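Chemist: You'll find data13.cif just under this line, and it carries mmCIF, C-alpha atoms and all ligand atoms.
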data_start
#
loop_
_atom_site.label_atom_id
_atom_site.label_comp_id
_atom_site.auth_asym_id
_atom_site.auth_seq_id
_atom_site.Cartn_x
_atom_site.Cartn_y
_atom_site.Cartn_z
CA MET A 751 0.00 0.00 0.00
CA THR A 752 1.77 3.08 -1.27
CA TYR A 753 0.39 6.58 -0.79
CA ARG A 754 0.99 9.04 -3.59
CA SER A 755 1.46 12.42 -1.99
CA SER A 756 3.02 15.71 -3.00
CA ALA A 757 6.04 14.61 -0.98
CA GLY A 758 6.45 11.53 -3.20
CA SER A 759 5.52 7.87 -2.80
CA VAL A 760 5.06 6.58 0.75
CA PRO A 761 5.26 2.75 0.88
CA ALA A 762 3.31 2.59 4.14
CA VAL A 763 2.60 -1.18 4.25
CA ARG A 764 4.52 -3.97 2.50
CA GLY A 765 4.27 -7.74 2.29
CA VAL A 766 1.53 -8.28 4.86
CA SER A 767 -0.51 -11.48 4.66
CA PHE A 768 -2.95 -13.03 7.12
CA ASP A 769 -6.12 -15.08 7.38
CA LEU A 770 -9.07 -14.38 9.61
CA ALA A 771 -11.63 -17.10 10.33
CA ALA A 772 -15.32 -16.38 10.98
CA GLY A 773 -15.76 -15.18 14.55
CA GLU A 774 -12.02 -14.80 15.14
CA VAL A 775 -10.49 -11.71 16.78
CA LEU A 776 -7.13 -10.47 15.51
CA GLY A 777 -5.25 -7.64 17.18
CA LEU A 778 -2.99 -5.30 15.22
CA ALA A 779 -0.35 -3.68 17.41
CA GLY A 780 2.44 -1.20 16.83
CA GLU A 781 3.45 2.39 17.44
CA SER A 782 1.96 5.32 15.63
CA GLY A 783 3.07 5.39 11.99
CA CYS A 784 3.69 1.64 11.63
CA GLY A 785 0.89 1.17 9.08
CA LYS A 786 -2.00 -0.18 11.15
CA SER A 787 -4.65 2.26 9.89
CA THR A 788 -3.38 1.95 6.33
CA LEU A 789 -3.83 -1.81 6.46
CA ALA A 790 -7.26 -1.53 8.13
CA ALA A 791 -8.51 0.98 5.55
CA ALA A 792 -7.15 -1.08 2.64
CA LEU A 793 -9.30 -4.05 3.66
CA LEU A 794 -12.41 -1.96 2.97
CA ARG A 795 -10.84 -0.09 0.04
CA LEU A 796 -11.06 3.16 1.97
CA LEU A 797 -7.59 4.51 1.14
CA PRO A 798 -7.41 7.87 -0.66
CA PRO A 799 -7.86 7.76 -4.46
CA GLY A 800 -4.55 7.22 -6.21
CA THR A 801 -3.09 5.06 -3.44
CA LEU A 802 -1.39 2.03 -4.96
CA VAL A 803 -2.63 -1.23 -3.47
CA THR A 804 -1.34 -4.56 -4.76
CA GLY A 805 -2.32 -8.03 -3.61
CA GLU A 806 -5.69 -9.44 -2.68
CA VAL A 807 -8.27 -8.98 0.06
CA LEU A 808 -10.33 -12.15 -0.17
CA LEU A 809 -13.73 -12.25 1.47
CA ASP A 810 -14.97 -15.83 1.14
CA GLY A 811 -12.79 -16.06 -1.96
CA GLU A 812 -14.03 -12.83 -3.56
CA ASP A 813 -11.41 -10.08 -4.01
CA VAL A 814 -12.57 -6.81 -2.43
CA LEU A 815 -9.89 -4.91 -4.35
CA THR A 816 -11.41 -5.71 -7.75
CA MET A 817 -15.12 -5.63 -6.89
CA ARG A 818 -17.42 -3.44 -8.93
CA PRO A 819 -18.68 -0.33 -7.08
CA GLY A 820 -22.19 -1.72 -6.51
CA ARG A 821 -20.87 -4.94 -5.07
CA LEU A 822 -18.36 -3.04 -2.93
CA ARG A 823 -21.15 -0.88 -1.48
CA ALA A 824 -23.10 -3.99 -0.57
CA VAL A 825 -20.08 -5.62 1.03
CA ARG A 826 -19.21 -2.56 3.09
CA TRP A 827 -21.59 -2.50 6.05
CA ASN A 828 -23.36 -5.76 5.12
CA ASP A 829 -20.26 -7.91 5.35
CA MET A 830 -17.59 -5.76 6.92
CA SER A 831 -17.63 -2.37 8.58
CA ILE A 832 -15.22 -0.17 10.46
CA VAL A 833 -15.21 1.93 13.63
CA PHE A 834 -12.67 4.75 13.64
CA GLN A 835 -11.10 6.41 16.62
CA GLY A 836 -12.53 9.93 16.36
CA ALA A 837 -16.30 9.74 16.77
CA LEU A 838 -16.56 13.50 16.47
CA HIS A 839 -15.24 13.43 12.91
CA SER A 840 -17.20 10.40 11.77
CA LEU A 841 -20.65 11.64 12.82
CA ASN A 842 -22.56 14.38 11.06
CA PRO A 843 -23.04 17.23 13.56
CA VAL A 844 -26.26 18.56 12.00
CA HIS A 845 -28.24 15.29 12.00
CA SER A 846 -29.62 13.44 15.00
CA ILE A 847 -27.91 10.16 15.81
CA GLY A 848 -31.19 8.35 15.16
CA ARG A 849 -31.36 9.75 11.65
CA GLN A 850 -27.78 8.72 10.92
CA ILE A 851 -28.31 5.17 12.09
CA ARG A 852 -31.66 4.98 10.26
CA GLU A 853 -29.99 6.07 7.03
CA ALA A 854 -27.35 3.39 7.40
CA ILE A 855 -30.05 0.75 7.87
CA GLU A 856 -32.13 2.15 4.98
CA ILE A 857 -29.31 2.20 2.45
CA HIS A 858 -28.86 -1.50 2.87
CA ARG A 859 -32.40 -2.56 3.79
CA PRO A 860 -34.49 -0.23 1.58
CA LYS A 861 -37.62 -2.37 1.86
CA LEU A 862 -37.90 -2.23 5.63
CA ALA A 863 -41.28 -0.85 6.88
CA SER A 864 -41.01 2.26 9.05
CA THR A 865 -42.16 0.45 12.20
CA GLU A 866 -39.49 -2.19 11.64
CA LEU A 867 -36.95 0.51 10.96
CA ARG A 868 -37.81 2.24 14.24
CA ALA A 869 -37.64 -1.05 16.10
CA ARG A 870 -34.24 -1.86 14.61
CA LEU A 871 -32.94 1.62 15.50
CA GLY A 872 -34.10 1.25 19.11
CA GLU A 873 -32.60 -2.22 19.27
CA LEU A 874 -29.22 -1.04 17.96
CA LEU A 875 -29.08 1.82 20.46
CA GLU A 876 -30.01 -0.46 23.34
CA VAL A 877 -27.39 -2.99 22.24
CA VAL A 878 -24.65 -0.38 22.62
CA GLY A 879 -26.07 0.88 25.91
CA ILE A 880 -27.80 4.07 24.82
CA PRO A 881 -31.50 4.48 25.74
CA ALA A 882 -33.65 4.46 22.58
CA ARG A 883 -35.21 7.79 23.60
CA ARG A 884 -31.87 9.48 22.91
CA ALA A 885 -32.28 8.81 19.17
CA SER A 886 -33.33 12.42 18.63
CA ASP A 887 -30.14 13.75 20.24
CA PHE A 888 -27.44 15.38 18.15
CA PRO A 889 -23.82 14.23 18.45
CA HIS A 890 -22.79 17.25 20.55
CA GLN A 891 -25.42 16.34 23.16
CA LEU A 892 -23.63 13.05 23.86
CA SER A 893 -20.44 12.34 25.77
CA GLY A 894 -17.34 11.06 23.97
CA GLY A 895 -18.04 7.52 25.13
CA GLN A 896 -21.65 7.70 23.96
CA ARG A 897 -20.59 9.00 20.57
CA GLN A 898 -18.20 6.09 20.22
CA ARG A 899 -21.10 3.78 21.10
CA VAL A 900 -23.15 5.40 18.34
CA LEU A 901 -20.34 4.66 15.87
CA ILE A 902 -20.40 1.05 16.97
CA ALA A 903 -24.19 0.96 16.49
CA LEU A 904 -23.70 2.42 13.00
CA ALA A 905 -21.10 -0.19 12.16
CA LEU A 906 -23.47 -2.94 13.31
CA ALA A 907 -26.52 -1.51 11.51
CA CYS A 908 -26.37 -4.06 8.68
CA ASP A 909 -25.26 -7.11 10.66
CA PRO A 910 -21.70 -7.35 9.34
CA ARG A 911 -19.67 -10.49 9.86
CA LEU A 912 -16.41 -8.59 10.23
CA LEU A 913 -15.91 -5.48 12.32
CA ILE A 914 -12.68 -3.51 12.06
CA ALA A 915 -12.09 -1.29 15.08
CA ASP A 916 -9.23 1.18 14.55
CA GLU A 917 -8.14 2.47 17.98
CA PRO A 918 -11.82 2.63 18.98
CA THR A 919 -11.10 3.80 22.52
CA THR A 920 -7.93 5.85 22.17
CA ALA A 921 -9.60 9.25 22.31
CA LEU A 922 -11.59 8.40 25.45
CA ASP A 923 -11.00 8.75 29.19
CA VAL A 924 -9.57 5.68 30.88
CA MET A 925 -12.80 4.64 32.62
CA VAL A 926 -14.82 5.08 29.46
CA GLN A 927 -12.21 3.19 27.46
CA ALA A 928 -12.74 0.15 29.65
CA GLN A 929 -16.52 0.36 29.20
CA VAL A 930 -16.31 0.61 25.41
CA LEU A 931 -13.80 -2.26 25.32
CA ASP A 932 -16.16 -4.39 27.39
CA LEU A 933 -18.99 -3.48 25.04
CA LEU A 934 -16.98 -4.52 21.99
CA ALA A 935 -15.91 -7.78 23.62
CA ARG A 936 -19.51 -8.57 24.59
CA LEU A 937 -20.89 -7.77 21.14
CA GLN A 938 -18.15 -9.77 19.50
CA SER A 939 -19.04 -12.91 21.43
CA GLU A 940 -22.82 -12.42 21.35
CA LEU A 941 -22.92 -11.75 17.61
CA GLY A 942 -20.08 -14.11 16.72
CA LEU A 943 -18.32 -11.30 14.88
CA ALA A 944 -14.92 -11.62 13.34
CA MET A 945 -12.94 -8.60 14.48
CA ILE A 946 -9.73 -6.81 13.65
CA PHE A 947 -8.84 -4.74 16.64
CA VAL A 948 -6.20 -2.05 16.13
CA SER A 949 -4.36 -0.57 19.08
CA HIS A 950 -0.95 0.79 20.05
CA ASP A 951 -1.55 -0.81 23.45
CA LEU A 952 -0.46 -4.46 23.53
CA SER A 953 -2.01 -5.14 26.93
CA THR A 954 -5.43 -4.07 25.65
CA LEU A 955 -5.05 -6.37 22.66
CA SER A 956 -3.94 -9.32 24.72
CA TYR A 957 -7.16 -8.95 26.68
CA ALA A 958 -9.43 -8.55 23.69
CA CYS A 959 -7.90 -10.80 21.00
CA GLU A 960 -7.09 -14.43 20.30
CA ARG A 961 -4.23 -13.64 17.95
CA ILE A 962 -1.98 -10.61 17.65
CA ALA A 963 0.03 -9.30 14.72
CA VAL A 964 2.64 -6.69 15.62
CA MET A 965 3.49 -4.17 12.93
CA TYR A 966 6.71 -2.20 12.57
CA ALA A 967 7.73 0.02 9.66
CA GLY A 968 4.86 -1.22 7.50
CA ARG A 969 5.44 -4.94 8.02
CA VAL A 970 4.21 -7.59 10.40
CA VAL A 971 7.22 -8.41 12.60
CA GLU A 972 5.56 -10.93 14.91
CA GLU A 973 2.32 -12.87 15.02
CA GLY A 974 0.85 -15.59 17.17
CA PRO A 975 -1.63 -16.41 19.95
CA SER A 976 -2.09 -13.26 22.00
CA ALA A 977 -1.23 -14.69 25.42
CA GLU A 978 2.09 -15.98 24.07
CA VAL A 979 2.94 -12.90 22.02
CA PHE A 980 2.26 -10.67 25.02
CA GLY A 981 3.62 -13.02 27.69
CA LYS A 982 6.67 -14.36 25.84
CA PRO A 983 7.50 -12.05 22.93
CA ALA A 984 9.72 -13.51 20.21
CA HIS A 985 10.61 -10.16 18.62
CA PRO A 986 12.45 -7.50 20.67
CA TYR A 987 10.03 -4.85 19.37
CA THR A 988 7.12 -6.82 20.81
CA GLY A 989 9.16 -7.17 23.98
CA ALA A 990 9.41 -3.41 24.27
CA LEU A 991 5.67 -2.98 23.67
CA ALA A 992 4.84 -5.67 26.21
CA ALA A 993 7.15 -4.25 28.87
CA ALA A 994 5.79 -0.72 28.55
CA PHE A 995 2.69 -0.77 30.66
CA PRO A 996 0.35 2.10 30.03
CA ILE A 997 0.51 4.81 32.62
CA ILE A 998 -3.07 5.63 33.49
CA GLY A 999 -3.96 9.11 32.39
CA ASP A 1000 -0.56 9.75 30.81
CA PRO A 1001 -1.11 11.14 27.30
CA THR A 1002 2.54 10.58 26.36
CA PHE A 1003 1.98 6.80 26.45
CA ARG A 1004 0.08 7.02 23.21
CA MET A 1005 3.12 8.57 21.57
CA ARG A 1006 5.66 6.30 23.27
CA PRO A 1007 3.94 2.95 23.78
CA SER A 1008 7.20 1.06 23.32
CA GLY A 1009 9.25 2.90 25.92
CA LEU A 1010 12.05 2.82 23.32
CA PRO A 1011 14.07 5.86 22.35
CA GLY A 1012 13.32 7.43 18.98
CA ASP A 1013 10.49 6.77 16.57
CA PRO A 1014 9.59 4.20 13.92
CA PRO A 1015 11.28 5.05 10.61
CA ASP A 1016 9.75 7.05 7.80
CA PRO A 1017 8.56 4.51 5.19
CA ARG A 1018 10.37 6.56 2.53
CA ASP A 1019 13.70 6.16 4.30
CA LEU A 1020 13.92 2.72 5.88
CA PRO A 1021 17.14 1.53 7.57
CA SER A 1022 19.00 -1.31 5.81
CA GLY A 1023 18.60 -4.89 6.98
CA CYS A 1024 16.13 -5.23 9.80
CA PRO A 1025 14.29 -1.89 9.95
CA PHE A 1026 14.17 -2.14 13.74
CA HIS A 1027 17.94 -2.48 14.21
CA PRO A 1028 18.67 1.21 15.07
CA ARG A 1029 16.36 0.97 18.11
CA CYS A 1030 16.87 -2.66 18.98
CA PRO A 1031 18.36 -3.50 22.39
CA VAL A 1032 19.70 -6.85 21.13
CA ALA A 1033 20.88 -5.90 17.63
CA VAL A 1034 24.09 -7.49 16.35
CA ALA A 1035 26.23 -6.50 13.36
CA GLU A 1036 24.36 -8.90 11.08
CA CYS A 1037 21.06 -7.05 11.66
CA VAL A 1038 22.34 -4.09 9.66
CA THR A 1039 22.56 -6.16 6.49
CA ALA A 1040 20.43 -9.29 6.97
CA ASP A 1041 17.16 -9.64 5.11
CA VAL A 1042 14.57 -10.42 7.74
CA GLU A 1043 11.31 -12.21 7.10
CA LEU A 1044 8.68 -13.85 9.27
CA TRP A 1045 10.33 -17.07 10.42
CA PRO A 1046 8.65 -19.81 12.49
CA ALA A 1047 9.06 -18.98 16.18
CA GLY A 1048 7.16 -21.79 17.88
CA GLU A 1049 3.78 -23.36 17.36
CA ASN A 1050 1.53 -21.05 15.35
CA ARG A 1051 4.02 -18.28 15.85
CA ARG A 1052 6.27 -16.31 13.52
CA ALA A 1053 8.72 -13.50 14.11
CA ALA A 1054 10.99 -11.42 11.87
CA CYS A 1055 14.14 -11.41 13.97
CA ILE A 1056 17.36 -13.26 13.21
CA HIS A 1057 17.63 -14.29 16.88
CA VAL A 1058 14.60 -16.51 16.29
CA LEU A 1059 16.74 -18.58 13.92
CA GLU A 1060 19.28 -19.26 16.68
CA ARG A 1061 16.52 -20.38 19.02
CA VAL A 1062 14.46 -22.45 16.63
CA GLY A 1063 16.94 -23.42 13.93
CA VAL A 1064 17.17 -22.29 10.32
CA PRO A 1065 14.04 -23.25 8.35
CA SER A 1066 14.68 -25.61 5.45
P1 LIG A 1101 -0.68 3.85 12.20
O1 LIG A 1101 -2.14 3.68 12.02
O2 LIG A 1101 0.03 2.59 12.61
O3 LIG A 1101 -0.34 4.98 13.10
P2 LIG A 1101 -0.69 4.78 9.46
O4 LIG A 1101 -1.21 3.63 8.66
O5 LIG A 1101 -1.64 5.86 9.79
O6 LIG A 1101 0.00 4.21 10.79
O7 LIG A 1101 0.56 5.42 8.70
C1 LIG A 1101 1.59 4.64 8.12
C2 LIG A 1101 2.54 5.55 7.36
O8 LIG A 1101 1.85 6.10 6.24
C3 LIG A 1101 3.06 6.73 8.17
O9 LIG A 1101 4.40 6.95 7.80
C4 LIG A 1101 2.18 7.87 7.72
O10 LIG A 1101 2.87 9.10 7.81
C5 LIG A 1101 1.92 7.51 6.26
N1 LIG A 1101 0.61 8.02 5.77
C6 LIG A 1101 -0.60 7.82 6.34
N2 LIG A 1101 -1.58 8.40 5.61
C7 LIG A 1101 -0.97 8.99 4.55
C8 LIG A 1101 -1.43 9.75 3.42
N3 LIG A 1101 -2.72 10.00 3.22
N4 LIG A 1101 -0.48 10.22 2.55
C9 LIG A 1101 0.82 9.95 2.73
N5 LIG A 1101 1.32 9.23 3.75
C10 LIG A 1101 0.44 8.75 4.66
MG MG A 1102 -3.71 4.66 13.03
#
Could you spell out this file's structure in structure tokens?
Modeler:
Amino acid sequence: MTYRSSAGSVPAVRGVSFDLAAGEVLGLAGESGCGKSTLAAALLRLLPPGTLVTGEVLLDGEDVLTMRPGRLRAVRWNDMSIVFQGALHSLNPVHSIGRQIREAIEIHRPKLASTELRARLGELLEVVGIPARRASDFPHQLSGGQRQRVLIALALACDPRLLIADEPTTALDVMVQAQVLDLLARLQSELGLAMIFVSHDLSTLSYACERIAVMYAGRVVEEGPSAEVFGKPAHPYTGALAAAFPIIGDPTFRMRPSGLPGDPPDPRDLPSGCPFHPRCPVAVAECVTADVELWPAGENRRAACIHVLERVGVPS
């Protein structure tokens, strides 16, 4: 996925591949700028026009990237939908929340009778913990947490099978974050949703997800069952993310979730060899030149670090 901007081409995500089964929850971790949102948006073909996307996004074998516009519209919302971080920017300030949810239902269920429509609207609001009588409220009349709940109701309006949540709680207060996380976890299990949960906070993901993929510099650098990835990281970058516990109420955590010095590299100017080597606490000379790829790092686990080869043995 390469952005075309006035500042040139930005290869934001490269060589990422994963499967997601029905009802499975995958976490995407990594610091700001590592490509999480780019990957999430690409799955729904929501990247800005002109962005170069190669590869395939297969939904039950059908490639989202080559779908005709009509089919794509049907698939978005009906099959997969997305919740973004900033509820304030995703909701229309001049329409009531009830109207916005109703429109989402109507676009995809045009034949629904108005009584059914009203019932479905009330049901969706109740599901996300907002009393149905608040349907006539405007976004500014709701708290940040309630607005995020409205976005979740919108995303669920057409019964999708896959929900992508891109830092759905990051903009919220700590207490409210926990409530919205609980809501998402409950909905996921009640509705049997497949979910891709994006967060810079590995501890949140280990709580919410079965599997975690850690991204660095536009690539997946580690993936595996979440308890193992979080509890026994195979990649030193994951190790740094796992060791850096969030400091409650500290806004700098969002910017420095790894506790490491420096920042992830600019995708236009990646370091040679392993792109993590300049920040890596266990880098050796070879890391500056070695081509790293996702190597097996235990059962159902892979990591892109040459130290994995020493531990597990060189793959044949
Ligand atoms: P994350 O969600 O992990 O913070 P992003 O996917 O937002 O990361 O960004 C990945 C990289 O792509 C960053 O280097 C970012 O600056 C760049 N990027 C994001 N959006 C654009 C865009 N519209 N045009 C050019 N570069 C972009
Ligand atoms: Mg992002």
Chemist: May I have the residues within 12 Å of ligand MG 1102 (chain A), computed using only C-alpha atoms and all ligand atoms, as a PyMOL selection string?
Modeler: chain A and resi 762+778-791+833-836+915-918+920-921+947-951+965+968+1004-1005
Chemist: For the atom pair atom O10 of ligand LIG 1101 (chain A) and CA of Leu797 (chain A), what is the interatomic distance in Å to one decimal place?
Modeler: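 Answer for the atom O10 of ligand LIG 1101 (chain A) to CA of Leu797 (chain A) separation: 13.2 Å.
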Chemist: Point out the residue among A:Leu937, A:Ile855, A:Leu912, A:Leu892 with the least atom-to-atom distance to Val825 (chain A), counting only C-alpha atoms.
Modeler: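 Residue with the minimum atom-to-atom distance to Val825 (chain A): A:Leu912.
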Chemist: One decimal, Å: what's the distance from CA of Glu1049 (chain A) over to CA of Leu952 (chain A), could you say?
Modeler: 20.3 Å
Chemist: Give me, as a PDB file with C-alpha atoms, in the frame of the given file, all polymer residues having an atom no more than 8 Å from Val803 (chain A), counting all atoms listed in the file and skipping those fewer than 5 positions away in the same chain.
Modeler:
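As written to disk, out37.pdb reads:
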ATOM      1  CA  MET A 751       0.000   0.000   0.000  1.00  0.00           C
ATOM      2  CA  THR A 752       1.770   3.080  -1.270  1.00  0.00           C
ATOM      3  CA  ALA A 792      -7.150  -1.080   2.640  1.00  0.00           C
TER       4      ALA A 792
END
Chemist: When distances are computed from only C-alpha atoms, which of A:Asp813, A:Asp769, A:Glu774, A:Glu972 shows the smallest separation from Gly942 (chain A)?
Modeler: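 Using only C-alpha atoms, the shortest distance to Gly942 (chain A) belongs to A:Glu774.
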Chemist: May I ask which of the residues A:Val924, A:Ala882, A:Ala967, A:Val900 is the closest one to ligand LIG 1101 (chain A), counting all atoms listed in the file?
Modeler: A:Ala967
Chemist: Between CA of Gln896 (chain A) and CA of Ala863 (chain A), what is the distance, to one decimal in Å?
Modeler: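 Going from CA of Gln896 (chain A) over to CA of Ala863 (chain A) covers 27.4 Å.
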Chemist: Given only C-alpha atoms and all ligand atoms as the basis, pick out the residue of A:Asn828, A:Ser939, A:Ser767, A:Thr801 nearest to ligand LIG 1101 (chain A).
Modeler: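 Nearest to ligand LIG 1101 (chain A): A:Thr801.
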Chemist: Using all atoms listed in the file, find the one residue out of A:Ile880, A:Val970, A:Ala990, A:Ala1033 that sits nearest to ligand LIG 1101 (chain A).
Modeler: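 When distances to ligand LIG 1101 (chain A) are compared using all atoms listed in the file, the smallest one comes from A:Val970.
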